[in-house]
Amino acid sequence: MSKAQPLILIVEDEPKLASVLMDYLIHNDMQAHWLHQGLGVIEWVKQYNPDLIVLDLMLPERDGLSIYRELRTFSALPVIMATAKVTELDRLRGLELGADDYICKPYSQRELVARIKNILRRTQIPATNTMELISTDPERLEARVKGQVLDLTPFEFRLLHYLVQHPERVYSRAQLLDQLYEPNHEVSERVLDSHIKNLRRKLEQLLPEHDLIRAVYGVGYKWVLPS
């Protein structure tokens, strides 16, 4: 499957809705693939590596939330959650899990395509601006800012390296802990906040003009591309 155009995976159990969305995506110079149930989504993602997923939460065989949780154990690709649930609590639950966006059915196809384009623009920005300032070497556990070695603890390095590799993506505290600590290693979110505070302080000493790690109220943190 060619990746010359963005590849969008639609996981949706309503054939008519999926068909219309696929037509809109193709008309907007994207590739689209449709899966009608939850089983098989993870395997398809691992094989074809789509650029974004539109994921219905109410699916046969396997629900969207469990798919999303497994997806986040190995991939940071953007996800837009779609569901007939319309309460604010449902929307907040999806966003707090780390979804890039949340849309309620029935939705405008044009609006959803516009949201997809916006997310793709944001997530596919080359990190050249970051790399001009900061480089990370996982083998040496070494980070450099403008060529100068940054004095970091092993966890601070892993945290910095992970955020730099996924610019502009919002991660909840739980997601960051899951990614950066071994399974069954119990660490409180307050400990993560302390590491973030120390890392920001060290970065600000060398880059006082940039606020690179930004807190997202009620959710977590993201790495901001320098302007």
# chains A, B, ... in the order shown; residues from 1 in each chain; ligands from 1

call {"tool": "select_by_dssp", "arguments": {"residues": "region 58-217 of chain A", "states": "strand (DSSP E)", "output": "ChimeraX atom specification"}}
result
/A:79-83,101-104,134-137,142-145,148-150,171-172,213-216

call {"tool": "write_last_selection", "arguments": {"atoms": "C-alpha atoms", "output": "short mmCIF file (atom, residue, chain, number, x, y, z; two decimals), in the first residue's frame"}}
result
data_model
loop_
_atom_site.label_atom_id
_atom_site.label_comp_id
_atom_site.auth_asym_id
_atom_site.auth_seq_id
_atom_site.Cartn_x
_atom_site.Cartn_y
_atom_site.Cartn_z
CA VAL A 79 -6.43 9.06 16.89
CA ILE A 80 -9.80 10.79 16.53
CA MET A 81 -12.43 9.07 18.66
CA ALA A 82 -15.95 8.97 17.23
CA THR A 83 -19.05 7.91 19.13
CA ASP A 101 -9.62 14.77 19.03
CA TYR A 102 -13.16 13.61 19.77
CA ILE A 103 -16.20 13.93 17.52
CA CYS A 104 -19.81 12.96 18.22
CA ILE A 134 18.55 19.66 21.05
CA SER A 135 20.00 16.26 20.16
CA THR A 136 19.55 13.03 22.09
CA ASP A 137 21.70 9.89 21.96
CA GLU A 142 23.25 11.85 26.48
CA ALA A 143 21.41 15.01 25.48
CA ARG A 144 23.01 18.15 24.06
CA VAL A 145 21.56 21.64 23.88
CA GLN A 148 26.46 21.53 25.24
CA VAL A 149 25.88 18.35 27.27
CA LEU A 150 22.80 18.58 29.48
CA TYR A 171 0.35 12.93 26.79
CA SER A 172 -1.39 12.28 30.04
CA ILE A 213 7.56 21.48 27.79
CA ARG A 214 4.08 22.84 28.21
CA ALA A 215 1.47 21.71 30.72
CA VAL A 216 -2.00 21.04 29.28
#

call {"tool": "residues_around", "arguments": {"residues": "Asn28 (chain A)", "least_positions_apart": "3", "cutoff": "12 Å", "atoms": "only C-alpha atoms", "output": "PyMOL selection string"}}
result
chain A and resi 5-8+21-25+31-32+109-110+112-114+116-117

call {"tool": "write_last_selection", "arguments": {"atoms": "N, CA and C atoms", "output": "PDB file, in the first residue's frame"}}
result
ATOM      1  N   GLN A   5       0.380   9.405  -0.254  1.00  0.00           N
ATOM      2  CA  GLN A   5      -0.661  10.223   0.355  1.00  0.00           C
ATOM      3  C   GLN A   5      -0.909   9.719   1.777  1.00  0.00           C
ATOM      4  N   PRO A   6      -1.385  10.590   2.671  1.00  0.00           N
ATOM      5  CA  PRO A   6      -1.681  10.130   4.035  1.00  0.00           C
ATOM      6  C   PRO A   6      -2.673   8.975   4.018  1.00  0.00           C
ATOM      7  N   LEU A   7      -2.393   7.988   4.833  1.00  0.00           N
ATOM      8  CA  LEU A   7      -3.251   6.812   4.924  1.00  0.00           C
ATOM      9  C   LEU A   7      -4.094   6.905   6.197  1.00  0.00           C
ATOM     10  N   ILE A   8      -5.406   6.934   6.031  1.00  0.00           N
ATOM     11  CA  ILE A   8      -6.334   7.073   7.151  1.00  0.00           C
ATOM     12  C   ILE A   8      -7.077   5.756   7.348  1.00  0.00           C
ATOM     13  N   LEU A  21     -17.384   8.719   4.327  1.00  0.00           N
ATOM     14  CA  LEU A  21     -16.141   9.305   4.818  1.00  0.00           C
ATOM     15  C   LEU A  21     -14.970   8.928   3.930  1.00  0.00           C
ATOM     16  N   MET A  22     -14.920   7.684   3.483  1.00  0.00           N
ATOM     17  CA  MET A  22     -13.846   7.273   2.578  1.00  0.00           C
ATOM     18  C   MET A  22     -13.858   8.105   1.297  1.00  0.00           C
ATOM     19  N   ASP A  23     -15.054   8.348   0.752  1.00  0.00           N
ATOM     20  CA  ASP A  23     -15.154   9.165  -0.462  1.00  0.00           C
ATOM     21  C   ASP A  23     -14.609  10.573  -0.220  1.00  0.00           C
ATOM     22  N   TYR A  24     -14.953  11.161   0.916  1.00  0.00           N
ATOM     23  CA  TYR A  24     -14.466  12.500   1.242  1.00  0.00           C
ATOM     24  C   TYR A  24     -12.940  12.510   1.361  1.00  0.00           C
ATOM     25  N   LEU A  25     -12.394  11.510   2.008  1.00  0.00           N
ATOM     26  CA  LEU A  25     -10.947  11.452   2.193  1.00  0.00           C
ATOM     27  C   LEU A  25     -10.226  11.300   0.853  1.00  0.00           C
ATOM     28  N   GLN A  31      -5.495   8.496   1.233  1.00  0.00           N
ATOM     29  CA  GLN A  31      -5.879   7.097   1.122  1.00  0.00           C
ATOM     30  C   GLN A  31      -6.751   6.727   2.316  1.00  0.00           C
ATOM     31  N   ALA A  32      -7.674   5.792   2.116  1.00  0.00           N
ATOM     32  CA  ALA A  32      -8.556   5.398   3.208  1.00  0.00           C
ATOM     33  C   ALA A  32      -8.756   3.888   3.192  1.00  0.00           C
ATOM     34  N   GLN A 109     -19.155  15.359   7.658  1.00  0.00           N
ATOM     35  CA  GLN A 109     -17.986  14.752   7.013  1.00  0.00           C
ATOM     36  C   GLN A 109     -16.928  15.812   6.714  1.00  0.00           C
ATOM     37  N   ARG A 110     -17.375  16.979   6.270  1.00  0.00           N
ATOM     38  CA  ARG A 110     -16.436  18.048   5.954  1.00  0.00           C
ATOM     39  C   ARG A 110     -15.685  18.499   7.203  1.00  0.00           C
ATOM     40  N   LEU A 112     -15.055  16.690   9.892  1.00  0.00           N
ATOM     41  CA  LEU A 112     -14.117  15.652  10.291  1.00  0.00           C
ATOM     42  C   LEU A 112     -12.884  15.662   9.400  1.00  0.00           C
ATOM     43  N   VAL A 113     -13.061  15.818   8.094  1.00  0.00           N
ATOM     44  CA  VAL A 113     -11.913  15.881   7.192  1.00  0.00           C
ATOM     45  C   VAL A 113     -11.040  17.092   7.530  1.00  0.00           C
ATOM     46  N   ALA A 114     -11.666  18.221   7.863  1.00  0.00           N
ATOM     47  CA  ALA A 114     -10.902  19.412   8.247  1.00  0.00           C
ATOM     48  C   ALA A 114     -10.092  19.145   9.512  1.00  0.00           C
ATOM     49  N   ILE A 116      -9.024  16.195  10.505  1.00  0.00           N
ATOM     50  CA  ILE A 116      -7.953  15.269  10.128  1.00  0.00           C
ATOM     51  C   ILE A 116      -6.788  16.031   9.502  1.00  0.00           C
ATOM     52  N   LYS A 117      -7.096  16.938   8.588  1.00  0.00           N
ATOM     53  CA  LYS A 117      -6.045  17.733   7.948  1.00  0.00           C
ATOM     54  C   LYS A 117      -5.273  18.548   8.972  1.00  0.00           C
TER      55      LYS A 117
END

call {"tool": "atom_distance", "arguments": {"atom1": "CA of Val191 (chain A)", "atom2": "CA of Ala174 (chain A)"}}
result
11.4 Å

call {"tool": "closest_residue", "arguments": {"among": "A:Lys222, A:Arg121, A:His33, A:His161", "to": "Leu180 (chain A)", "atoms": "only C-alpha atoms"}}
result
A:His161

call {"tool": "closest_residue", "arguments": {"among": "A:Ser19, A:Asp13, A:Leu71, A:Trp223", "to": "Met58 (chain A)", "atoms": "only C-alpha atoms"}}
result
A:Asp13

call {"tool": "residues_around", "arguments": {"residues": "Val187 (chain A)", "least_positions_apart": "6", "cutoff": "12 Å", "atoms": "only C-alpha atoms", "output": "ChimeraX atom specification"}}
result
/A:173-174,176-178,180-181,193-195

call {"tool": "write_last_selection", "arguments": {"atoms": "all heavy atoms", "output": "PDB file, in the first residue's frame"}}
result
ATOM      1  N   ARG A 173      -0.292  12.113  32.178  1.00  0.00           N
ATOM      2  CA  ARG A 173       0.751  11.662  33.109  1.00  0.00           C
ATOM      3  C   ARG A 173       0.829  10.135  33.135  1.00  0.00           C
ATOM      4  O   ARG A 173       1.915   9.556  33.155  1.00  0.00           O
ATOM      5  CB  ARG A 173       0.465  12.206  34.512  1.00  0.00           C
ATOM      6  CG  ARG A 173       0.634  13.722  34.623  1.00  0.00           C
ATOM      7  CD  ARG A 173       0.076  14.235  35.948  1.00  0.00           C
ATOM      8  NE  ARG A 173       0.365  15.640  36.129  1.00  0.00           N
ATOM      9  CZ  ARG A 173      -0.377  16.622  35.600  1.00  0.00           C
ATOM     10  NH1 ARG A 173      -1.437  16.314  34.851  1.00  0.00           N
ATOM     11  NH2 ARG A 173      -0.061  17.881  35.818  1.00  0.00           N
ATOM     12  N   ALA A 174      -0.340   9.495  33.118  1.00  0.00           N
ATOM     13  CA  ALA A 174      -0.365   8.022  33.144  1.00  0.00           C
ATOM     14  C   ALA A 174       0.305   7.443  31.906  1.00  0.00           C
ATOM     15  O   ALA A 174       1.040   6.452  31.990  1.00  0.00           O
ATOM     16  CB  ALA A 174      -1.804   7.530  33.263  1.00  0.00           C
ATOM     17  N   LEU A 176       2.713   8.784  30.082  1.00  0.00           N
ATOM     18  CA  LEU A 176       4.156   8.962  30.170  1.00  0.00           C
ATOM     19  C   LEU A 176       4.775   7.962  31.141  1.00  0.00           C
ATOM     20  O   LEU A 176       5.833   7.385  30.864  1.00  0.00           O
ATOM     21  CB  LEU A 176       4.484  10.396  30.603  1.00  0.00           C
ATOM     22  CG  LEU A 176       4.206  11.468  29.545  1.00  0.00           C
ATOM     23  CD1 LEU A 176       4.386  12.864  30.146  1.00  0.00           C
ATOM     24  CD2 LEU A 176       5.127  11.297  28.339  1.00  0.00           C
ATOM     25  N   LEU A 177       4.112   7.738  32.270  1.00  0.00           N
ATOM     26  CA  LEU A 177       4.632   6.755  33.223  1.00  0.00           C
ATOM     27  C   LEU A 177       4.637   5.360  32.617  1.00  0.00           C
ATOM     28  O   LEU A 177       5.593   4.596  32.805  1.00  0.00           O
ATOM     29  CB  LEU A 177       3.796   6.790  34.501  1.00  0.00           C
ATOM     30  CG  LEU A 177       3.966   8.037  35.382  1.00  0.00           C
ATOM     31  CD1 LEU A 177       2.961   8.018  36.523  1.00  0.00           C
ATOM     32  CD2 LEU A 177       5.386   8.138  35.921  1.00  0.00           C
ATOM     33  N   ASP A 178       3.583   5.014  31.876  1.00  0.00           N
ATOM     34  CA  ASP A 178       3.523   3.696  31.237  1.00  0.00           C
ATOM     35  C   ASP A 178       4.644   3.517  30.216  1.00  0.00           C
ATOM     36  O   ASP A 178       5.211   2.429  30.069  1.00  0.00           O
ATOM     37  CB  ASP A 178       2.175   3.503  30.542  1.00  0.00           C
ATOM     38  CG  ASP A 178       1.040   3.286  31.524  1.00  0.00           C
ATOM     39  OD1 ASP A 178       1.329   2.970  32.693  1.00  0.00           O
ATOM     40  OD2 ASP A 178      -0.126   3.448  31.127  1.00  0.00           O
ATOM     41  N   LEU A 180       7.611   5.103  30.166  1.00  0.00           N
ATOM     42  CA  LEU A 180       8.973   5.342  30.640  1.00  0.00           C
ATOM     43  C   LEU A 180       9.391   4.477  31.823  1.00  0.00           C
ATOM     44  O   LEU A 180      10.577   4.436  32.169  1.00  0.00           O
ATOM     45  CB  LEU A 180       9.133   6.827  31.008  1.00  0.00           C
ATOM     46  CG  LEU A 180       8.886   7.784  29.830  1.00  0.00           C
ATOM     47  CD1 LEU A 180       8.841   9.221  30.317  1.00  0.00           C
ATOM     48  CD2 LEU A 180       9.951   7.632  28.772  1.00  0.00           C
ATOM     49  N   TYR A 181       8.448   3.809  32.445  1.00  0.00           N
ATOM     50  CA  TYR A 181       8.788   2.910  33.549  1.00  0.00           C
ATOM     51  C   TYR A 181       8.474   1.470  33.168  1.00  0.00           C
ATOM     52  O   TYR A 181       7.595   1.210  32.348  1.00  0.00           O
ATOM     53  CB  TYR A 181       8.022   3.283  34.823  1.00  0.00           C
ATOM     54  CG  TYR A 181       8.679   4.382  35.634  1.00  0.00           C
ATOM     55  CD1 TYR A 181       8.159   5.670  35.620  1.00  0.00           C
ATOM     56  CD2 TYR A 181       9.806   4.128  36.411  1.00  0.00           C
ATOM     57  CE1 TYR A 181       8.754   6.682  36.372  1.00  0.00           C
ATOM     58  CE2 TYR A 181      10.404   5.131  37.160  1.00  0.00           C
ATOM     59  CZ  TYR A 181       9.869   6.403  37.136  1.00  0.00           C
ATOM     60  OH  TYR A 181      10.461   7.403  37.863  1.00  0.00           O
ATOM     61  N   ASP A 193       5.580  14.753  37.876  1.00  0.00           N
ATOM     62  CA  ASP A 193       5.547  16.219  37.889  1.00  0.00           C
ATOM     63  C   ASP A 193       6.863  16.792  38.387  1.00  0.00           C
ATOM     64  O   ASP A 193       7.351  17.810  37.881  1.00  0.00           O
ATOM     65  CB  ASP A 193       4.398  16.715  38.773  1.00  0.00           C
ATOM     66  CG  ASP A 193       3.032  16.460  38.147  1.00  0.00           C
ATOM     67  OD1 ASP A 193       2.974  16.311  36.918  1.00  0.00           O
ATOM     68  OD2 ASP A 193       2.044  16.424  38.888  1.00  0.00           O
ATOM     69  N   SER A 194       7.464  16.133  39.375  1.00  0.00           N
ATOM     70  CA  SER A 194       8.754  16.587  39.900  1.00  0.00           C
ATOM     71  C   SER A 194       9.848  16.466  38.849  1.00  0.00           C
ATOM     72  O   SER A 194      10.679  17.373  38.676  1.00  0.00           O
ATOM     73  CB  SER A 194       9.117  15.774  41.146  1.00  0.00           C
ATOM     74  OG  SER A 194      10.380  16.165  41.650  1.00  0.00           O
ATOM     75  N   HIS A 195       9.850  15.345  38.118  1.00  0.00           N
ATOM     76  CA  HIS A 195      10.837  15.171  37.035  1.00  0.00           C
ATOM     77  C   HIS A 195      10.638  16.222  35.942  1.00  0.00           C
ATOM     78  O   HIS A 195      11.616  16.772  35.418  1.00  0.00           O
ATOM     79  CB  HIS A 195      10.707  13.770  36.429  1.00  0.00           C
ATOM     80  CG  HIS A 195      11.273  12.675  37.278  1.00  0.00           C
ATOM     81  ND1 HIS A 195      12.583  12.663  37.705  1.00  0.00           N
ATOM     82  CD2 HIS A 195      10.699  11.542  37.760  1.00  0.00           C
ATOM     83  CE1 HIS A 195      12.793  11.565  38.419  1.00  0.00           C
ATOM     84  NE2 HIS A 195      11.674  10.876  38.476  1.00  0.00           N
TER      85      HIS A 195
END

call {"tool": "atom_distance", "arguments": {"atom1": "CA of Arg115 (chain A)", "atom2": "CA of Leu17 (chain A)"}}
result
16.8 Å

call {"tool": "closest_residue", "arguments": {"among": "A:Val45, A:Ile196, A:Leu35, A:Met30", "to": "Glu61 (chain A)", "atoms": "only C-alpha atoms"}}
result
A:Leu35

call {"tool": "closest_residue", "arguments": {"among": "A:Arg158, A:Asp29, A:Glu43, A:Glu12", "to": "Pro60 (chain A)", "atoms": "only C-alpha atoms"}}
result
A:Glu12

call {"tool": "atom_distance", "arguments": {"atom1": "CA of Glu111 (chain A)", "atom2": "CA of Leu39 (chain A)"}}
result
27.7 Å

call {"tool": "select_by_dssp", "arguments": {"residues": "region 142-187 of chain A", "states": "alpha helix (DSSP H)", "output": "PyMOL selection string"}}
result
chain A and resi 154-165+173-180
